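See below for the structure under consideration.
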Amino acid sequence: MIDVRRFETLGGADHGWLKARHHFSFADYYDPARMSWGRLRVWNDDEIAAKSGFPPHPHRDMEIITYVRTGAITHQDSMGNQGRTAAGDVQVMSAGTGVRHAEFNLEDELTTIFQIWIETDRPGAPPSWGQREFPQADRTGRFTVLASGRAGDDALPINADARVLGATLKAGETITYDLSQGRRAYLVPAVGEVEVNGVELKARDGAGIKDEPVVTIRARADAELVMVDSL
């Protein structure tokens with residue numbers, strides 16, 4: 001089963017400095033048919049204007065992954081962490097018992113991100129934050145694990161039985177991913193066009209995948225992919 005969510009059908013909001021599209025119900029956008037995809041609760045497609053951003057605000061008991069598509073995001077939090085995450089790289093925050101953070105685009109250009117929230121497996125855990133560079137050359141023609149709760153994955157750690165993966169494909173290339181029984185995947189091309197088990201996806205469309213033991217992705221145009229594998 002592949003549930004396609006076309007970009008033009010997503011919920012959203014325009015705050016001037018922030019243009020947001022929501023794959024699932026979020027803030028003032030509510031659709032009872034689009035509450036989550038298993039443990040994946042939020043996938044926001046955000047465009048943040050230059051010299052603007054999210055002022056300090058709280059979170060708790062959620063795994064929050066930020067994939068920077070263009071530009072850069074600068075993070076500060078109540079744990080004393082600070083960092084700038086640039087295009088193609090990833091930051092994660094395990095909100096745990098509670099944390100306040102701010103996310104700003106301090107650049108002179110638009111920043112675009114995917115912000116992904118996954119329900120935690122460890123409510124009440126100590127909060128944490130981390131970031132890491134993921135050169136696109138290292139994920140050409142294959143999936144690289146960007147964030148994971150699985151032991152043995154060389155990735156940013158999260159407190160959830162989930163993996164966030166990234167790949168880049170040239171037009172005509174194909175990759176496969178084995179999806180274990182009972183698990184779900186959610187795939188979004190950041191750029192490009194692909195076919196997922198024969199189903200066409202354009203840039204920023206979402207595909208909820210379940211009961212598909214093998215996920216075969218063929219690029220119809222050069223593509224950059226982000227995918228979550230979770231319960």
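Within each chain, counting starts at residue 1; across the structure tokens, chains are named A, B, ... in the order shown, with ligands numbered 1 upward in that order.
Within the 7 Å cut-off around Ile175 in chain A, using only C-alpha atoms and omitting residues fewer than 3 positions from it on the same chain, the listed residues are Gly141, Arg142, Thr216, Ile217 and Arg218 of chain A.
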Counting only C-alpha atoms, which residues of range 36-85 of chain A fall within 10 Å of range 143-157 of chain A, and what is the closest atom pair for each with its distance in Å at one decimal, ordered by chain and rising number, as a Markdown table?
```
| residue | atom | partner | partner_atom | distance |
| --- | --- | --- | --- | --- |
| A:Glu63 | CA | A:Pro157 | CA | 9.8 |
| A:Ile65 | CA | A:Ala147 | CA | 7.8 |
| A:Tyr67 | CA | A:Leu146 | CA | 9.2 |
```
What's around Ala20 in chain A at 9 Å? Count only C-alpha atoms, leave out sequence neighbours fewer than 4 positions away in its own chain, and write the answer as JSON, numbers by chain. {"A": [11, 12, 13, 14, 15, 44, 45, 46, 47, 48]}
Residues of range 130-185 of chain A classed as helix (DSSP H, G or I) by DSSP on the backbone are to be reported as an NGL selection string. :A and (136-139)
Keeping only N, CA, C and O atoms, write the selected residues to a file as a PDB file, in the first residue's frame.
```
ATOM      1  N   GLN A 136      26.663  14.852   0.442  1.00  0.00           N
ATOM      2  CA  GLN A 136      25.794  14.163  -0.515  1.00  0.00           C
ATOM      3  C   GLN A 136      26.551  13.110  -1.308  1.00  0.00           C
ATOM      4  O   GLN A 136      25.959  12.112  -1.730  1.00  0.00           O
ATOM      5  N   ALA A 137      27.846  13.297  -1.497  1.00  0.00           N
ATOM      6  CA  ALA A 137      28.624  12.301  -2.240  1.00  0.00           C
ATOM      7  C   ALA A 137      28.614  10.943  -1.553  1.00  0.00           C
ATOM      8  O   ALA A 137      28.743   9.908  -2.209  1.00  0.00           O
ATOM      9  N   ASP A 138      28.428  10.940  -0.221  1.00  0.00           N
ATOM     10  CA  ASP A 138      28.431   9.684   0.532  1.00  0.00           C
ATOM     11  C   ASP A 138      27.115   8.922   0.403  1.00  0.00           C
ATOM     12  O   ASP A 138      27.032   7.778   0.836  1.00  0.00           O
ATOM     13  N   ARG A 139      26.088   9.559  -0.148  1.00  0.00           N
ATOM     14  CA  ARG A 139      24.794   8.873  -0.284  1.00  0.00           C
ATOM     15  C   ARG A 139      24.310   8.841  -1.732  1.00  0.00           C
ATOM     16  O   ARG A 139      23.113   8.717  -1.990  1.00  0.00           O
TER      17      ARG A 139
END
```
To test your reading of the structure, identify every residue in range 33-183 of chain A that backbone DSSP assigns to strand (DSSP E), and report it as number ranges by chain. A: 40-48, 52-59, 62-70, 72-77, 82-86, 90-94, 99-105, 111-119, 128-132, 144-148, 156-157, 162-169, 174-178
In Å and to one decimal, CA of Ser78 in chain A is distant from CA of Gln115 in chain A by 19.6 Å
Interatomic distance between CA of Tyr186 in chain A and CA of Asp222 in chain A?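 Pair CA of Tyr186 in chain A / CA of Asp222 in chain A returns 19.5 Å.
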For Trp43 in chain A, which residue among A:His22, A:Arg5, A:Arg163, A:Arg60 is the nearest when counting only C-alpha atoms?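 The shortest atom-to-atom distance to Trp43 in chain A comes from A:His22.
Between Gly98 in chain A and the residues A:Ala125, A:Ile64, A:Leu10, A:Ile113, the shortest atom-to-atom distance, using only C-alpha atoms, involves A:Ala125.
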Write out as an NGL selection string each polymer residue whose atoms come within 9 Å of Arg184 in chain A, counting only C-alpha atoms; drop sequence neighbours fewer than 5 positions from it. :A and (37-39 or 179 or 208-212 or 228-231)
For Thr174 in chain A, which residue among A:Thr112, A:Asn81, A:Thr120, A:Asn197 is the nearest when counting only C-alpha atoms?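 Using only C-alpha atoms, the shortest distance to Thr174 in chain A belongs to A:Asn197.
Proximity to Gly166 in chain A was assessed for A:Arg69, A:Lys19, A:His75, A:Arg100 counting only C-alpha atoms; the smallest distance is recorded for A:Arg69.
Among the candidates A:Ala190, A:Leu40, A:Val199, A:Ala102, the residue lying nearest to Ala162 in chain A is A:Leu40 (atoms considered: only C-alpha atoms).
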Would you mind listing what lies within 12 Å of Leu110 in chain A as a ChimeraX atom specification, with only C-alpha atoms counted and same-chain residues fewer than 2 positions away left out? /A:17-19,46-53,68-73,87,104-108,112-113
Considering only C-alpha atoms, can you say which of A:Val4, A:Leu225, A:Met79, A:Val215 comes closest to His23 in chain A? A:Val4
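Across the model, the gap from CA of Trp117 in chain A to CA of Arg34 in chain A is 14.3 Å.
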Contacts of Gln91 in chain A at 6 Å or less, counting only C-alpha atoms, minus same-chain residues fewer than 4 places along, as a PyMOL selection string? chain A and resi 65-66+130-131
Keeping only all heavy atoms, write the selected residues as an mmCIF file, in the first residue's frame.
```cif
data_model
loop_
_atom_site.group_PDB
_atom_site.id
_atom_site.type_symbol
_atom_site.label_atom_id
_atom_site.label_comp_id
_atom_site.auth_asym_id
_atom_site.auth_seq_id
_atom_site.Cartn_x
_atom_site.Cartn_y
_atom_site.Cartn_z
ATOM 1 N N ILE A 65 13.788 15.908 14.352
ATOM 2 C CA ILE A 65 14.897 15.835 13.391
ATOM 3 C C ILE A 65 14.713 16.943 12.364
ATOM 4 O O ILE A 65 13.617 17.094 11.799
ATOM 5 C CB ILE A 65 14.926 14.459 12.680
ATOM 6 C CG1 ILE A 65 15.089 13.323 13.695
ATOM 7 C CG2 ILE A 65 16.026 14.411 11.628
ATOM 8 C CD1 ILE A 65 13.791 12.660 14.108
ATOM 9 N N THR A 66 15.766 17.709 12.114
ATOM 10 C CA THR A 66 15.719 18.781 11.125
ATOM 11 C C THR A 66 16.688 18.467 10.000
ATOM 12 O O THR A 66 17.890 18.337 10.227
ATOM 13 C CB THR A 66 16.071 20.138 11.760
ATOM 14 O OG1 THR A 66 15.185 20.402 12.849
ATOM 15 C CG2 THR A 66 15.950 21.261 10.744
ATOM 16 N N GLY A 130 22.118 17.251 18.985
ATOM 17 C CA GLY A 130 23.333 16.969 18.231
ATOM 18 C C GLY A 130 23.151 17.329 16.773
ATOM 19 O O GLY A 130 22.027 17.479 16.284
ATOM 20 N N GLN A 131 24.265 17.455 16.060
ATOM 21 C CA GLN A 131 24.227 17.739 14.631
ATOM 22 C C GLN A 131 25.370 16.999 13.948
ATOM 23 O O GLN A 131 26.338 16.602 14.590
ATOM 24 C CB GLN A 131 24.347 19.245 14.362
ATOM 25 C CG GLN A 131 25.691 19.828 14.742
ATOM 26 C CD GLN A 131 25.801 21.313 14.425
ATOM 27 O OE1 GLN A 131 26.479 22.041 15.140
ATOM 28 N NE2 GLN A 131 25.166 21.769 13.380
#
```
